[in-house]
>>> print(open('target16.cif').read())   # mmCIF, C-alpha atoms and all ligand atoms
data_target
#
loop_
_atom_site.label_atom_id
_atom_site.label_comp_id
_atom_site.auth_asym_id
_atom_site.auth_seq_id
_atom_site.Cartn_x
_atom_site.Cartn_y
_atom_site.Cartn_z
CA MET A 823 21.50 88.94 116.68
CA ALA A 824 23.78 88.10 119.52
CA TRP A 825 21.28 86.46 121.79
CA GLN A 826 19.94 84.26 119.03
CA GLY A 827 23.32 83.34 117.61
CA ASP A 828 24.99 79.96 117.59
CA ARG A 829 25.86 79.36 121.21
CA GLY A 830 28.96 77.33 120.32
CA THR A 831 31.00 75.32 122.79
CA ARG A 832 31.54 76.38 126.37
CA HIS A 833 34.97 77.68 125.39
CA GLN A 834 33.62 79.73 122.48
CA ARG A 835 31.09 81.25 124.84
CA GLY A 836 33.78 82.21 127.31
CA TYR A 837 32.74 79.54 129.79
CA GLY A 838 35.99 77.59 129.86
CA HIS A 839 38.45 77.00 132.65
CA ARG A 840 38.61 80.69 133.53
CA TRP A 841 34.84 80.75 134.04
CA VAL A 842 34.95 77.66 136.30
CA LYS A 843 37.46 79.44 138.52
CA LEU A 844 35.48 82.69 138.48
CA ARG A 845 32.26 80.83 139.30
CA ASP A 846 33.89 79.19 142.33
CA THR A 847 35.17 82.57 143.52
CA ILE A 848 31.70 84.11 143.31
CA LEU A 849 29.98 81.10 144.93
CA GLN A 850 32.45 81.33 147.78
CA ARG A 851 31.98 85.11 148.09
CA ASP A 852 28.20 84.63 148.32
CA GLY A 853 28.46 81.73 150.80
CA HIS A 854 26.96 79.35 148.20
CA LEU A 855 23.59 81.04 148.63
CA CYS A 856 21.23 82.33 145.94
CA ILE A 857 21.34 86.14 146.02
CA PRO A 858 17.81 86.75 144.58
CA CYS A 859 16.41 84.29 147.15
CA LEU A 860 18.38 86.04 149.91
CA HIS A 861 16.80 89.34 148.87
CA ASN A 862 13.45 87.64 149.38
CA GLY A 863 14.49 86.50 152.83
CA ARG A 864 14.80 82.78 152.07
CA PRO A 865 18.36 81.43 152.04
CA THR A 866 18.60 78.81 149.27
CA PRO A 867 21.71 76.87 148.19
CA ALA A 868 23.18 78.06 144.89
CA LYS A 869 25.33 76.11 142.46
CA GLN A 870 25.24 78.51 139.52
CA VAL A 871 26.53 82.01 138.86
CA ASP A 872 24.57 84.55 136.86
CA HIS A 873 25.45 87.75 135.01
CA ILE A 874 23.33 90.45 136.66
CA THR A 875 23.39 92.44 133.41
CA PRO A 876 23.32 89.70 130.74
CA LYS A 877 26.29 89.39 128.42
CA SER A 878 23.91 89.83 125.49
CA GLN A 879 23.18 93.30 126.85
CA GLY A 880 26.81 94.23 127.36
CA GLY A 881 27.26 92.77 130.86
CA THR A 882 30.85 91.87 131.81
CA ASP A 883 32.55 89.22 133.93
CA GLU A 884 33.46 91.81 136.59
CA HIS A 885 32.78 90.48 140.06
CA ASP A 886 30.15 93.12 140.77
CA ASN A 887 28.17 91.92 137.73
CA LEU A 888 28.10 88.34 138.99
CA GLN A 889 25.88 86.70 141.58
CA SER A 890 25.30 83.20 142.87
CA ILE A 891 21.90 81.90 141.89
CA CYS A 892 19.71 78.83 142.38
CA VAL A 893 18.29 76.83 139.48
CA ASP A 894 14.74 78.17 139.90
CA CYS A 895 15.81 81.82 140.04
CA HIS A 896 18.16 81.33 137.11
CA LYS A 897 15.35 79.90 134.98
CA ALA A 898 12.98 82.72 135.96
CA LYS A 899 15.60 85.37 135.22
CA THR A 900 16.52 83.90 131.84
CA ALA A 901 12.83 83.77 130.90
CA SER A 902 12.24 87.39 131.90
CA GLU A 903 15.36 88.51 130.00
CA ALA A 904 13.99 86.82 126.89
CA ALA A 905 10.69 88.61 127.47
CA VAL A 906 12.48 91.97 127.73
CA ILE A 907 14.19 91.36 124.38
CA ARG A 908 10.91 90.27 122.81
CA ASP A 909 9.18 93.40 124.13
CA ALA A 910 12.00 95.59 122.85
CA LEU A 911 11.71 94.02 119.41
CA ARG A 912 7.97 94.54 119.49
CA ALA A 913 8.45 98.18 120.53
CA GLU A 914 10.88 98.70 117.64
CA GLY A 915 7.79 97.78 115.82
CA LYS A 916 6.41 95.93 112.94
CA PRO A 917 6.17 98.49 110.17
CA SER A 918 2.67 99.30 108.99
CA ILE A 919 1.40 101.32 106.05
CA GLY A 920 0.23 104.74 107.15
CA ASP A 921 -2.76 106.43 105.53
CA ASP A 922 -0.34 108.50 103.46
CA GLY A 923 0.71 105.31 101.73
CA TRP A 924 4.14 105.28 103.38
CA VAL A 925 5.44 102.63 105.73
CA THR A 926 5.44 103.82 109.31
CA LEU A 927 7.33 102.33 112.22
CA PRO A 928 5.77 102.78 115.63
CA THR A 929 8.18 104.62 117.91
CA LYS A 930 8.31 106.39 121.22
CA TRP A 931 7.76 109.70 119.44
CA GLY A 932 5.08 108.46 117.16
CA TYR A 933 5.17 109.28 113.44
CA SER A 934 8.28 107.87 111.77
CA ILE A 935 10.76 109.46 114.17
CA PRO A 936 13.34 106.81 115.03
CA HIS A 937 13.46 105.38 118.50
CA GLY A 938 15.89 107.09 120.87
CA LEU A 939 16.79 109.90 118.45
CA ARG A 940 19.32 112.37 119.92
CA PRO A 941 19.38 116.08 118.98
CA SER A 942 21.42 117.13 115.96
CA ALA A 943 24.87 118.55 116.67
CA ILE A 944 24.84 120.58 113.43
CA PRO A 945 22.21 122.93 111.99
CA VAL A 946 19.46 120.93 110.34
CA THR A 947 16.61 122.31 108.25
CA ILE A 948 13.53 120.11 108.27
CA ILE A 949 11.74 120.65 104.95
CA CYS A 950 8.10 119.62 105.14
CA GLY A 951 5.31 119.63 102.61
CA PRO A 952 2.97 117.34 100.70
CA PRO A 953 4.26 115.15 97.86
CA ALA A 954 5.36 117.19 94.79
CA SER A 955 5.47 120.46 96.73
CA GLY A 956 9.12 121.00 95.75
CA LYS A 957 10.94 119.91 98.95
CA THR A 958 13.84 118.26 97.14
CA THR A 959 14.30 121.22 94.78
CA TYR A 960 14.28 123.56 97.77
CA ALA A 961 16.95 121.49 99.53
CA HIS A 962 19.25 121.41 96.51
CA GLU A 963 18.82 125.14 95.93
CA HIS A 964 19.77 126.02 99.50
CA ALA A 965 22.30 123.38 100.53
CA ALA A 966 26.05 123.97 100.28
CA PRO A 967 27.89 121.33 98.23
CA THR A 968 29.21 119.63 101.37
CA ASP A 969 25.90 119.67 103.25
CA LYS A 970 24.06 116.46 103.94
CA ILE A 971 20.67 116.01 102.30
CA ILE A 972 18.48 113.34 103.85
CA ASP A 973 15.77 112.42 101.40
CA LEU A 974 13.90 109.14 101.53
CA ASP A 975 13.14 109.23 97.79
CA GLU A 976 16.79 109.68 96.97
CA ILE A 977 17.83 106.92 99.40
CA THR A 978 15.25 104.59 97.88
CA GLN A 979 16.86 105.05 94.46
CA ARG A 980 20.33 104.60 95.88
CA ILE A 981 19.41 101.17 97.24
CA GLY A 982 18.00 100.14 93.89
CA GLY A 983 14.39 101.21 94.16
CA LYS A 984 12.42 103.46 91.90
CA MET A 985 12.09 107.21 92.43
CA TRP A 986 8.61 106.71 93.86
CA GLU A 987 8.81 103.20 95.16
CA THR A 988 5.77 101.24 96.35
CA ASP A 989 7.53 97.98 97.31
CA ARG A 990 7.25 97.70 101.09
CA ALA A 991 10.49 95.79 101.57
CA ILE A 992 12.47 98.43 99.67
CA ILE A 993 10.75 101.28 101.48
CA ARG A 994 11.47 99.61 104.81
CA ARG A 995 15.16 99.26 103.96
CA ALA A 996 15.29 102.86 102.76
CA LEU A 997 13.66 104.00 106.00
CA SER A 998 16.22 102.26 108.17
CA TYR A 999 18.99 103.76 106.02
CA ARG A 1000 17.38 107.18 106.45
CA ASP A 1001 17.15 106.63 110.20
CA VAL A 1002 20.87 105.88 110.36
CA MET A 1003 21.52 109.17 108.56
CA ILE A 1004 19.25 111.10 110.95
CA ARG A 1005 20.88 109.48 113.97
CA SER A 1006 24.35 110.35 112.68
CA LEU A 1007 23.51 114.06 112.96
CA ALA A 1008 24.01 113.81 116.72
CA ASP A 1009 27.70 113.05 116.16
CA ALA A 1010 28.35 115.33 113.18
CA HIS A 1011 30.89 118.15 113.54
CA THR A 1012 30.80 120.18 110.37
CA GLY A 1013 28.40 121.47 107.77
CA ALA A 1014 24.66 121.48 107.88
CA ALA A 1015 21.91 119.06 107.04
CA TRP A 1016 18.67 119.28 105.10
CA PHE A 1017 16.08 116.72 106.00
CA ILE A 1018 13.09 116.13 103.75
CA VAL A 1019 9.95 114.68 105.28
CA THR A 1020 6.25 115.06 104.47
CA GLY A 1021 5.28 116.04 108.02
CA LYS A 1022 1.58 115.61 107.44
CA THR A 1023 0.28 117.58 110.44
CA ALA A 1024 1.50 120.58 112.41
CA GLN A 1025 1.81 118.26 115.41
CA GLU A 1026 4.10 115.89 113.51
CA ARG A 1027 6.28 118.76 112.27
CA LYS A 1028 6.55 120.13 115.79
CA THR A 1029 7.53 116.71 117.10
CA TRP A 1030 10.31 116.34 114.50
CA LEU A 1031 11.55 119.80 115.42
CA GLN A 1032 11.56 118.91 119.10
CA ALA A 1033 13.25 115.55 118.47
CA LEU A 1034 16.09 117.10 116.46
CA GLY A 1035 16.74 119.73 119.13
CA GLU A 1036 17.83 123.34 119.26
CA LYS A 1037 19.84 123.30 116.04
CA ALA A 1038 16.79 122.31 114.01
CA ARG A 1039 14.56 124.71 112.12
CA LEU A 1040 11.49 124.07 110.08
CA VAL A 1041 10.63 125.12 106.53
CA VAL A 1042 7.14 124.37 105.30
CA MET A 1043 6.50 124.47 101.56
CA ASP A 1044 3.54 126.66 100.66
CA THR A 1045 2.89 125.19 97.21
CA PRO A 1046 -0.89 125.06 96.64
CA LYS A 1047 -2.36 121.55 96.79
CA ALA A 1048 -3.78 121.88 93.26
CA VAL A 1049 -0.27 122.51 91.92
CA CYS A 1050 1.09 119.45 93.76
CA ILE A 1051 -1.65 117.24 92.29
CA GLU A 1052 -1.03 118.64 88.80
CA ARG A 1053 2.66 117.80 89.13
CA ILE A 1054 1.92 114.27 90.33
CA LEU A 1055 -0.38 113.61 87.37
CA ALA A 1056 2.10 115.11 84.91
CA GLU A 1057 4.97 112.87 86.03
CA PRO A 1058 4.71 109.41 84.46
CA ARG A 1059 7.37 107.97 86.78
CA ARG A 1060 5.05 108.66 89.70
CA ALA A 1061 2.27 106.55 88.16
CA ASP A 1062 2.47 103.62 90.62
CA ALA A 1063 2.47 105.90 93.61
CA ALA A 1064 0.15 108.58 92.18
CA ARG A 1065 -3.00 107.49 93.96
CA SER A 1066 -1.47 107.34 97.43
CA GLN A 1067 0.44 110.57 96.80
CA ILE A 1068 -2.68 112.46 95.76
CA LEU A 1069 -4.39 111.14 98.87
CA ALA A 1070 -1.42 112.34 100.92
CA VAL A 1071 -1.65 115.81 99.34
CA ASP A 1072 -5.35 115.86 100.17
CA LYS A 1073 -4.75 114.87 103.81
CA TRP A 1074 -1.79 117.18 104.36
CA GLN A 1075 -2.63 119.87 106.90
ZN ZN B 1 16.99 81.53 144.17
#
>>> encode(input="target16.cif", output="structure tokens", more="lines below")
Ligand SMILES: [Zn+2]
Amino acid sequence: MAWQGDRGTRHQRGYGHRWVKLRDTILQRDGHLCIPCLHNGRPTPAKQVDHITPKSQGGTDEHDNLQSICVDCHKAKTASEAAVIRDALRAEGKPSIGDDGWVTLPTKWGYSIPHGLRPSAIPVTIICGPPASGKTTYAHEHAAPTDKIIDLDEITQRIGGKMWETDRAIIRRALSYRDVMIRSLADAHTGAAWFIVTGKTAQERKTWLQALGEKARLVVMDTPKAVCIERILAEPRRADAARSQILAVDKWQ
């Protein structure tokens, strides 16, 4: 990631001759005084110039994004910027295994709804139901050939996993792929989408619906739990995942 990357030489970082000139301009503009210190009512000599919004967060070299700064303030600011990035990474979350046996990523919304999700710009049907309740079949029966179907199981296979994968690393990769697909709905122009997700509780289903916005509707499979469990047991390819899937059927509300 950008802020961890090889810092390179001053020139590669954009701190060459042009920067020296720019720095002098800003120092002169600010009267060679530290702006953060000035805000705190203690004029302190400054020899450095700081990006108010860091370059790693998209800050530019425009004059209004630059300020003169003293060594102490610069150190403090750099440390707090690193802390912000660390916190953001922590908030993006270490995945954990939910009690339905699937990996979950903590997010603002809770459940597995990706962070900062924007509403869908095209109609999207959220198909919820316990494992083996027929969600995928429903999607393929109702979707037009050009519609998008977002199905974690199908994505898992596409990235080389098994139909019912239990490997956490593969599931994690599939989930981030799925999240990209969900996010892309906000910028889609044509067609419709069908999004398959267990949606274990009414609250979770409602939250997905809310997150995907006004163009989203919800379909909940009404397959009896006993039928789902029968199907899971009858499908040898599900063997590895059978136990956690049966548990998920049992817990589905
Ligand atoms: Zn200062």
>>> closest_residue(input="target16.cif", among="A:Arg840, A:Lys897, A:Pro1046, A:Lys877", to="ligand ZN 1 (chain B)", atoms="only C-alpha atoms and all ligand atoms")
A:Lys897
>>> residues_around(input="target16.cif", residues="segment 954-961 of chain A", least_positions_apart="4", cutoff="9 Å", atoms="all atoms listed in the file", output="ChimeraX atom specification")
/A:947,949-950,965,971,973,1016-1020,1042-1047,1049-1054,1067,1071
>>> atom_distance(input="target16.cif", atom1="atom CA of Pro1058 of chain A", atom2="atom CA of Thr988 of chain A")
14.5 Å
>>> residues_near_ligand(input="target16.cif", ligand="ligand ZN 1 (chain B)", cutoff="12 Å", atoms="only C-alpha atoms and all ligand atoms", output="PDB file with C-alpha atoms, keeping the file's coordinate frame")
ATOM      1  CA  HIS A 854      26.960  79.350 148.200  1.00  0.00           C
ATOM      2  CA  LEU A 855      23.590  81.040 148.630  1.00  0.00           C
ATOM      3  CA  CYS A 856      21.230  82.330 145.940  1.00  0.00           C
ATOM      4  CA  ILE A 857      21.340  86.140 146.020  1.00  0.00           C
ATOM      5  CA  PRO A 858      17.810  86.750 144.580  1.00  0.00           C
ATOM      6  CA  CYS A 859      16.410  84.290 147.150  1.00  0.00           C
ATOM      7  CA  LEU A 860      18.380  86.040 149.910  1.00  0.00           C
ATOM      8  CA  HIS A 861      16.800  89.340 148.870  1.00  0.00           C
ATOM      9  CA  ASN A 862      13.450  87.640 149.380  1.00  0.00           C
ATOM     10  CA  GLY A 863      14.490  86.500 152.830  1.00  0.00           C
ATOM     11  CA  ARG A 864      14.800  82.780 152.070  1.00  0.00           C
ATOM     12  CA  PRO A 865      18.360  81.430 152.040  1.00  0.00           C
ATOM     13  CA  THR A 866      18.600  78.810 149.270  1.00  0.00           C
ATOM     14  CA  PRO A 867      21.710  76.870 148.190  1.00  0.00           C
ATOM     15  CA  ALA A 868      23.180  78.060 144.890  1.00  0.00           C
ATOM     16  CA  LYS A 869      25.330  76.110 142.460  1.00  0.00           C
ATOM     17  CA  GLN A 870      25.240  78.510 139.520  1.00  0.00           C
ATOM     18  CA  VAL A 871      26.530  82.010 138.860  1.00  0.00           C
ATOM     19  CA  ASP A 872      24.570  84.550 136.860  1.00  0.00           C
ATOM     20  CA  GLN A 889      25.880  86.700 141.580  1.00  0.00           C
ATOM     21  CA  SER A 890      25.300  83.200 142.870  1.00  0.00           C
ATOM     22  CA  ILE A 891      21.900  81.900 141.890  1.00  0.00           C
ATOM     23  CA  CYS A 892      19.710  78.830 142.380  1.00  0.00           C
ATOM     24  CA  VAL A 893      18.290  76.830 139.480  1.00  0.00           C
ATOM     25  CA  ASP A 894      14.740  78.170 139.900  1.00  0.00           C
ATOM     26  CA  CYS A 895      15.810  81.820 140.040  1.00  0.00           C
ATOM     27  CA  HIS A 896      18.160  81.330 137.110  1.00  0.00           C
ATOM     28  CA  LYS A 897      15.350  79.900 134.980  1.00  0.00           C
ATOM     29  CA  ALA A 898      12.980  82.720 135.960  1.00  0.00           C
ATOM     30  CA  LYS A 899      15.600  85.370 135.220  1.00  0.00           C
TER      31      LYS A 899
END
>>> closest_residue(input="target16.cif", among="A:Arg1005, A:His885, A:His964, A:Arg980", to="Ile935 of chain A", atoms="all atoms listed in the file")
A:Arg1005
>>> closest_residue(input="target16.cif", among="A:Val1041, A:Met985, A:Ala1008, A:Val946", to="Gly1021 of chain A", atoms="all atoms listed in the file")
A:Val1041
>>> residues_near_point(input="target16.cif", point="(25.9, 116.1, 118.0)", cutoff="12 Å", atoms="only C-alpha atoms", output="number ranges by chain")
A: 939-946, 1004-1014, 1034-1038
>>> residues_around(input="target16.cif", residues="Ile981 of chain A", least_positions_apart="3", cutoff="9 Å", atoms="all atoms listed in the file", output="list in words")
Glu976, Ile977, Thr978, Ile992, Arg995 and Ala996 of chain A
>>> atom_distance(input="target16.cif", atom1="atom CA of Ser878 of chain A", atom2="atom CA of Pro936 of chain A")
22.6 Å
>>> closest_residue(input="target16.cif", among="A:Ala1064, A:Leu888, A:Ile848, A:Ala1033", to="Ser934 of chain A", atoms="only C-alpha atoms")
A:Ala1033
>>> axis_aligned_box(input="target16.cif", around="segment 849-857 of chain A", padding_each_side="3 Å", output="AutoDock Vina command-line options")
--center_x 26.8 --center_y 82.7 --center_z 147.9 --size_x 17.2 --size_y 12.8 --size_z 11.9
>>> atom_distance(input="target16.cif", atom1="atom CA of His873 of chain A", atom2="atom CA of Gln850 of chain A")
15.9 Å
>>> closest_residue(input="target16.cif", among="A:Ala1024, A:Ile993, A:Leu1069, A:Leu1040", to="Gln979 of chain A", atoms="only C-alpha atoms")
A:Ile993
>>> closest_residue(input="target16.cif", among="A:Arg1039, A:Lys984, A:His937, A:His962", to="Arg1027 of chain A", atoms="all atoms listed in the file")
A:Arg1039
>>> residues_around(input="target16.cif", residues="Trp986 of chain A", least_positions_apart="3", cutoff="7 Å", atoms="all atoms listed in the file", output="ChimeraX atom specification")
/A:975,1060,1063
>>> build_atoms(input="target16.cif", residues="segment 1034-1048 of chain A", atoms="N, CA, C and O atoms", output="PDB file, in the frame of the given file")
ATOM      1  N   LEU A1034      14.764 116.795 117.006  1.00  0.00           N
ATOM      2  CA  LEU A1034      16.090 117.100 116.460  1.00  0.00           C
ATOM      3  C   LEU A1034      16.797 118.216 117.230  1.00  0.00           C
ATOM      4  O   LEU A1034      17.960 118.522 116.977  1.00  0.00           O
ATOM      5  N   GLY A1035      16.087 118.835 118.165  1.00  0.00           N
ATOM      6  CA  GLY A1035      16.740 119.730 119.130  1.00  0.00           C
ATOM      7  C   GLY A1035      16.905 121.164 118.670  1.00  0.00           C
ATOM      8  O   GLY A1035      16.342 121.610 117.663  1.00  0.00           O
ATOM      9  N   GLU A1036      17.727 121.891 119.424  1.00  0.00           N
ATOM     10  CA  GLU A1036      17.830 123.340 119.260  1.00  0.00           C
ATOM     11  C   GLU A1036      18.431 123.775 117.940  1.00  0.00           C
ATOM     12  O   GLU A1036      18.246 124.922 117.525  1.00  0.00           O
ATOM     13  N   LYS A1037      19.215 122.900 117.304  1.00  0.00           N
ATOM     14  CA  LYS A1037      19.840 123.300 116.040  1.00  0.00           C
ATOM     15  C   LYS A1037      18.926 123.052 114.849  1.00  0.00           C
ATOM     16  O   LYS A1037      19.330 123.246 113.702  1.00  0.00           O
ATOM     17  N   ALA A1038      17.716 122.601 115.105  1.00  0.00           N
ATOM     18  CA  ALA A1038      16.790 122.310 114.010  1.00  0.00           C
ATOM     19  C   ALA A1038      15.887 123.510 113.747  1.00  0.00           C
ATOM     20  O   ALA A1038      15.538 124.256 114.652  1.00  0.00           O
ATOM     21  N   ARG A1039      15.581 123.729 112.470  1.00  0.00           N
ATOM     22  CA  ARG A1039      14.560 124.710 112.120  1.00  0.00           C
ATOM     23  C   ARG A1039      13.664 124.081 111.071  1.00  0.00           C
ATOM     24  O   ARG A1039      14.020 123.085 110.438  1.00  0.00           O
ATOM     25  N   LEU A1040      12.502 124.689 110.926  1.00  0.00           N
ATOM     26  CA  LEU A1040      11.490 124.070 110.080  1.00  0.00           C
ATOM     27  C   LEU A1040      11.162 124.983 108.905  1.00  0.00           C
ATOM     28  O   LEU A1040      11.004 126.191 109.072  1.00  0.00           O
ATOM     29  N   VAL A1041      11.113 124.395 107.707  1.00  0.00           N
ATOM     30  CA  VAL A1041      10.630 125.120 106.530  1.00  0.00           C
ATOM     31  C   VAL A1041       9.436 124.341 106.000  1.00  0.00           C
ATOM     32  O   VAL A1041       9.519 123.134 105.802  1.00  0.00           O
ATOM     33  N   VAL A1042       8.334 125.036 105.825  1.00  0.00           N
ATOM     34  CA  VAL A1042       7.140 124.370 105.300  1.00  0.00           C
ATOM     35  C   VAL A1042       6.845 124.918 103.911  1.00  0.00           C
ATOM     36  O   VAL A1042       6.724 126.131 103.729  1.00  0.00           O
ATOM     37  N   MET A1043       6.773 124.050 102.928  1.00  0.00           N
ATOM     38  CA  MET A1043       6.500 124.470 101.560  1.00  0.00           C
ATOM     39  C   MET A1043       5.073 125.006 101.466  1.00  0.00           C
ATOM     40  O   MET A1043       4.155 124.410 102.034  1.00  0.00           O
ATOM     41  N   ASP A1044       4.901 126.117 100.746  1.00  0.00           N
ATOM     42  CA  ASP A1044       3.540 126.660 100.660  1.00  0.00           C
ATOM     43  C   ASP A1044       2.926 126.477  99.271  1.00  0.00           C
ATOM     44  O   ASP A1044       2.039 127.208  98.862  1.00  0.00           O
ATOM     45  N   THR A1045       3.427 125.484  98.543  1.00  0.00           N
ATOM     46  CA  THR A1045       2.890 125.190  97.210  1.00  0.00           C
ATOM     47  C   THR A1045       1.406 124.795  97.339  1.00  0.00           C
ATOM     48  O   THR A1045       1.082 123.930  98.140  1.00  0.00           O
ATOM     49  N   PRO A1046       0.535 125.422  96.547  1.00  0.00           N
ATOM     50  CA  PRO A1046      -0.890 125.060  96.640  1.00  0.00           C
ATOM     51  C   PRO A1046      -1.111 123.582  96.311  1.00  0.00           C
ATOM     52  O   PRO A1046      -0.425 123.013  95.454  1.00  0.00           O
ATOM     53  N   LYS A1047      -2.077 122.980  96.995  1.00  0.00           N
ATOM     54  CA  LYS A1047      -2.360 121.550  96.790  1.00  0.00           C
ATOM     55  C   LYS A1047      -2.679 121.229  95.333  1.00  0.00           C
ATOM     56  O   LYS A1047      -2.251 120.194  94.824  1.00  0.00           O
ATOM     57  N   ALA A1048      -3.403 122.133  94.662  1.00  0.00           N
ATOM     58  CA  ALA A1048      -3.780 121.880  93.260  1.00  0.00           C
ATOM     59  C   ALA A1048      -2.532 121.749  92.384  1.00  0.00           C
ATOM     60  O   ALA A1048      -2.478 120.916  91.482  1.00  0.00           O
TER      61      ALA A1048
END
